[in-house]
Amino acid sequence: MSINLAIAVATTLILMMLALITNIKNKKLQLSYSIFWLIAGVILVIVLLIPNCLNVITKFLGFEIPSNMIFFITIVMEFYLILQLMITLSKESKRNISLIQEVSMLKKKVEEIEKNK
Amino acid sequence: MKVLLIIPAYNEEANILNTCNKIKEFSDEIDFVVINDGSKDNTEKILQENNLNHICLIENLGIGGAVQTGYKYAFENNYDIAIQFDGDGQHDVTYVPNICEPIINGQADMVIGSRYLDKKESKFQSTFMRRLGSNIISFLLRTCAKTKVTDPTSGFRAANKEIIKVFAKTYPTDYPEPESIVNIRNLNFRVMEVPVSMNEREGRSIFN
């Protein structure tokens with residue numbers, strides 16, 4: 001790994017971790033959702049420290065070159081992540097609908113009671 | 001038999017009063033509840049001023065969420081039959097007894113008012129594209145859900161107590177009319193169609 005590449009990867013890693021930590025601290029991101037990114041960060045650290053591990057894994061899995069492997073793994077992980085997000089979103093929107101319905105029905109009841117006072 | 005008409009309304013200031021008056025004229029034994037789906041016009045004002053039974057959703061939910069609110073209301077208030085009825089003058093209240101009959105006789109759990117079942121019955125047959133879409137959905141329902149429904153997107157439908165309970169709990173949001181038929185069939189309920197007449201909507205369609 002050239003020194004330039006190492007610096008680029010290290011910078012990316014530091015920015016990623018900074019963004020992650022700030023968001024967890026500000027309570028914008030739930031800890032359970034950050035675990036995925038923390039693991040990704042750890043993998044990047046390993047790659048940074050032992051660059052040769054990429055070549056070994058690439059050969060072992062049968063890819064031609066490391067970049068192919070990285071793209072493949074990234075796309076698969078991203079697919080999984082988006083699927084999870086959509087599942088969460090569907091669940092939340094269902095809850096949200098239910099909440100709006102219940103509040104609206106309660107509001108009607110309260111208004112009726114106040115009218116009959 | 002306690003019968004409730006669920007009338008979803010979104011920006012229906014032009015038609016809603018007319019629709020409700022027609023229902024009152026037809027029979028005072030039929031209750032109705034208008035679900036105002038976060039209308040931006042004067043629908044809410046009209047409903048309040050005329051003392052029409054209604055629920056105002058605090059946010060716009062779309063047709064699925066609005067109709068489900070009606071089923072929840074029907075469930076809470078122990079209605080025997082709940083009928084979905086459009087607020088824009090498309091549906092004819094005189095067909096309410098026809099659509100209830102199979103449920104009262106115990107022939108079906110859900111009854112759908114179809115404008116295609118008996119071509120002579122309905123003046124309004126809708127556009128070619130709409131009919132094409134309906135035919136495709138009909139075909140899918142016939143092959144996948146083993147249900148013969150000629151007008152799967154019809155919003156004029158009656159449900160018995162058990163189905164009210166099911167719909168109050170889960171009701172699809174994206175394409176509720178055909179999807180709910182599949183859900184009901186998967187639970188082995190009986191679905192039936194009766195011919196009804198539909199008018200061209202009085203207000204402008206929300207799709208235009």
# chains A, B, ... in the order shown; residues from 1 in each chain; ligands from 1

call {"tool": "interface_residues", "arguments": {"of": "chain B", "to": "chain A", "cutoff": "12 Å", "atoms": "only C-alpha atoms", "output": "PyMOL selection string"}}
result
chain B and resi 33-38+48+51+53-74+76-77+168-174

call {"tool": "residues_around", "arguments": {"residues": "stretch 73-88 of chain A", "least_positions_apart": "5", "cutoff": "9 Å", "atoms": "only C-alpha atoms", "output": "list in words"}}
result
Phe36, Asn68 and Ser93 of chain A

call {"tool": "atom_distance", "arguments": {"atom1": "atom CA of B:Lys22", "atom2": "atom CA of B:Asn199"}}
result
14.0 Å

call {"tool": "residues_around", "arguments": {"residues": "stretch 7-20 of chain B", "least_positions_apart": "3", "cutoff": "6 Å", "atoms": "only C-alpha atoms", "output": "ChimeraX atom specification"}}
result
/B:23,34-37,39,41-43,85-89

call {"tool": "write_last_selection", "arguments": {"atoms": "all heavy atoms", "output": "short mmCIF file (atom, residue, chain, number, x, y, z; two decimals), in the first residue's frame"}}
result
data_model
loop_
_atom_site.label_atom_id
_atom_site.label_comp_id
_atom_site.auth_asym_id
_atom_site.auth_seq_id
_atom_site.Cartn_x
_atom_site.Cartn_y
_atom_site.Cartn_z
N ILE B 23 -78.01 10.25 2.16
CA ILE B 23 -78.05 9.10 3.06
C ILE B 23 -79.17 9.29 4.08
O ILE B 23 -79.97 8.39 4.33
CB ILE B 23 -76.70 8.91 3.78
CG1 ILE B 23 -75.61 8.57 2.77
CG2 ILE B 23 -76.80 7.81 4.83
CD1 ILE B 23 -74.21 8.66 3.31
N VAL B 34 -68.03 10.20 8.67
CA VAL B 34 -67.14 10.75 7.64
C VAL B 34 -65.73 10.81 8.21
O VAL B 34 -65.53 11.30 9.32
CB VAL B 34 -67.59 12.18 7.22
CG1 VAL B 34 -66.66 12.73 6.15
CG2 VAL B 34 -69.02 12.16 6.71
N ILE B 35 -64.78 10.24 7.49
CA ILE B 35 -63.40 10.33 7.92
C ILE B 35 -62.73 11.43 7.10
O ILE B 35 -62.44 11.25 5.93
CB ILE B 35 -62.63 9.00 7.69
CG1 ILE B 35 -63.45 7.79 8.16
CG2 ILE B 35 -61.26 9.06 8.37
CD1 ILE B 35 -63.65 7.69 9.64
N ASN B 36 -62.53 12.56 7.73
CA ASN B 36 -61.90 13.67 7.04
C ASN B 36 -60.38 13.48 7.08
O ASN B 36 -59.75 13.63 8.11
CB ASN B 36 -62.31 14.98 7.73
CG ASN B 36 -61.65 16.18 7.09
OD1 ASN B 36 -61.17 16.12 5.97
ND2 ASN B 36 -61.61 17.28 7.82
N ASP B 37 -59.82 13.13 5.93
CA ASP B 37 -58.42 12.72 5.87
C ASP B 37 -57.49 13.93 5.73
O ASP B 37 -56.77 14.08 4.75
CB ASP B 37 -58.23 11.75 4.69
CG ASP B 37 -56.86 11.10 4.73
OD1 ASP B 37 -56.15 11.26 5.73
OD2 ASP B 37 -56.50 10.43 3.75
N SER B 39 -58.18 17.12 5.20
CA SER B 39 -58.51 17.99 4.06
C SER B 39 -57.95 19.39 4.25
O SER B 39 -57.89 19.90 5.37
CB SER B 39 -60.03 18.10 3.89
OG SER B 39 -60.57 16.85 3.59
N ASP B 41 -59.28 21.98 2.50
CA ASP B 41 -60.35 22.93 2.17
C ASP B 41 -61.34 23.03 3.35
O ASP B 41 -60.98 22.76 4.48
CB ASP B 41 -61.05 22.53 0.87
CG ASP B 41 -61.73 21.18 0.99
OD1 ASP B 41 -61.61 20.57 2.07
OD2 ASP B 41 -62.39 20.76 0.03
N ASN B 42 -62.56 23.40 3.06
CA ASN B 42 -63.53 23.65 4.13
C ASN B 42 -64.32 22.42 4.57
O ASN B 42 -65.34 22.54 5.23
CB ASN B 42 -64.53 24.72 3.68
CG ASN B 42 -63.89 26.09 3.71
OD1 ASN B 42 -63.08 26.38 4.58
ND2 ASN B 42 -64.22 26.91 2.73
N THR B 43 -63.85 21.22 4.20
CA THR B 43 -64.58 20.00 4.55
C THR B 43 -64.90 19.95 6.05
O THR B 43 -66.03 19.69 6.45
CB THR B 43 -63.77 18.77 4.13
OG1 THR B 43 -63.42 18.89 2.77
CG2 THR B 43 -64.59 17.50 4.31
N PHE B 85 -68.08 3.80 1.60
CA PHE B 85 -68.94 4.57 0.72
C PHE B 85 -68.21 5.86 0.35
O PHE B 85 -67.76 6.58 1.23
CB PHE B 85 -70.24 4.88 1.47
CG PHE B 85 -71.35 5.39 0.61
CD1 PHE B 85 -72.13 4.52 -0.11
CD2 PHE B 85 -71.62 6.75 0.54
CE1 PHE B 85 -73.18 4.99 -0.90
CE2 PHE B 85 -72.65 7.23 -0.25
CZ PHE B 85 -73.43 6.34 -0.97
N ASP B 86 -68.09 6.15 -0.93
CA ASP B 86 -67.31 7.33 -1.32
C ASP B 86 -68.07 8.63 -1.05
O ASP B 86 -69.29 8.69 -1.18
CB ASP B 86 -66.94 7.26 -2.81
CG ASP B 86 -65.71 6.41 -3.03
OD1 ASP B 86 -65.25 5.81 -2.04
OD2 ASP B 86 -65.23 6.32 -4.16
N GLY B 87 -67.34 9.66 -0.69
CA GLY B 87 -67.97 10.93 -0.35
C GLY B 87 -68.18 11.84 -1.54
O GLY B 87 -68.66 12.96 -1.41
N ASP B 88 -67.83 11.38 -2.73
CA ASP B 88 -67.85 12.27 -3.89
C ASP B 88 -69.07 12.06 -4.79
O ASP B 88 -69.09 12.55 -5.91
CB ASP B 88 -66.57 12.12 -4.70
CG ASP B 88 -66.37 10.69 -5.17
OD1 ASP B 88 -67.29 9.88 -4.98
OD2 ASP B 88 -65.31 10.40 -5.72
N GLY B 89 -70.06 11.32 -4.32
CA GLY B 89 -71.27 11.13 -5.11
C GLY B 89 -71.18 10.01 -6.13
O GLY B 89 -72.08 9.82 -6.93
#

call {"tool": "atom_distance", "arguments": {"atom1": "atom CA of B:Ala158", "atom2": "atom CA of B:Ile104"}}
result
10.9 Å
